[in-house]
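A short worksheet on the structure shown next.
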Amino acid sequence: MRLLPAGRTAVLVELDDAAQRRRLHRALSDHPAAGTVDLVPAQTTVLVQVESADLLPGAVTHVRDLLAGGLNAVEEGLRDPVPVPVRYDGLDLSDVADVLDMTTDELVKRHSSQLWTVEFAGFMPGFGYMTGADWPFRIPRRSSPRTRIPPGSVALADGFTGAYPQASPGGWQIIGTTKATLWDEKAVPPALLSPGAVVEFQVVTS
């Protein structure tokens with residue numbers, strides 16, 4: 001574990017693994033340091049930003065105290081799943097099934113029959129990187145990225161699944177589409193799939 005300065009008002013906390021990062025993010029969400037304005041989780045880090053430079057030493061002490069107290073007892077908590085309807089009609093569905101040596105029906109069942117957790121956000125507003133406890137696969141990115149992936153595309157890459165809020169270039173393997181609103185600037189929060197959210201993909205045919 002390391003604490004690294006990130007400008008005058010933030011500290012980056014590097015953790016040993018994703019499980020530790022999830023616990024620290026939950027602990028800081030439930031018990032924030034004084035003056036916290038933002039928490040930004042990534043795969044194994046949490047960025048803690050406070051209102052002003054004079055509050056940063058207190059935030060660092062707060063993080064150190066949480067870590068010293070041990071994070072194993074922090075409960076990640078049960079959250080109601082966010083339903084995301086998906087039509088499994090993606091351009092790469094058959095190719096991914098071939099890579100995994102299974103039928104497309106088996107792939108759809110594996111993807112939709114478990115809960116996914118948004119580990120962190122990035123790449124574009126509202127894009128959540130999700131992992132599944134029963135998803136052991138690492139899907140290679142396309143050898144030739146597409147210049148445009150349509151909004152609403154549900155895709156796989158490495159050990160993650162994600163859903164594109166907006167059109168974008170990208171190399172993820174598209175397995176389906178959703179009509180869910182993934183990003184709405186007027187909503188609170190604006191992202192449907194925020195870090196920590198539990199997601200349930202529901203099969204639809206239209």
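Just so we're on the same page: first chain in the structure tokens is A, next is B, and so on; residues restart at 1 for each chain, and ligands are numbered from 1 in the order they show up.
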DSSP strand (DSSP E) residues within region 122-204 of chain A, as a ChimeraX atom specification:
/A:128-132,146-149,153-157,160-163,168-170,173-177,198-203
Applying 9 Å and only C-alpha atoms, which residues near region 171-182 of chain A remain after dropping the ones on its own chain fewer than 2 positions away? List them as a PyMOL selection string.
chain A and resi 84-96+108+126-127+139-147+149-158+161-166+169+184+190-193
Of A:Phe201, A:Arg8, A:Glu14, A:Pro81, the one sitting nearest Lys109 (chain A) when using only C-alpha atoms is A:Phe201
How many Å lie between CA of Arg138 (chain A) and CA of Trp116 (chain A), rounded to one decimal?
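Taking CA of Arg138 (chain A) and CA of Trp116 (chain A), their separation equals 15.0 Å.
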Students should find that CA of Ser113 (chain A) and CA of Glu200 (chain A) are spaced 8.0 Å
Measuring atom to atom with only C-alpha atoms, identify which of A:Ala10, A:Leu107, A:Leu66, A:Val203 is nearest to Asp54 (chain A).
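Under the stated criterion, the closest residue is A:Ala10.
Taking CA of Met130 (chain A) as the reference point, CA of Gln43 (chain A) is found at 10.5 Å.
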Measuring between only C-alpha atoms, which one of A:Gly132, A:Pro5, A:Pro83, A:Pro41 shows the shortest distance to Arg22 (chain A)?
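Under the stated criterion, the closest residue is A:Pro41.
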Contacts of Ala59 (chain A) within 9 Å, only C-alpha atoms, excl. fewer than 2 positions in-chain, as a ChimeraX atom specification
/A:10-11,32-36,48-50,55-57,61-64
Quick one: residues within 9 Å of Ala133 (chain A), only C-alpha atoms counted, chain neighbours fewer than 2 positions away excluded, as an NGL selection string?
:A and (114-117 or 131 or 135-136)
Could you pull out all residues of region 7-174 of chain A with a DSSP call of alpha helix (DSSP H) and give them as a PyMOL selection string?
chain A and resi 18-30+56-68+93-99+104-112
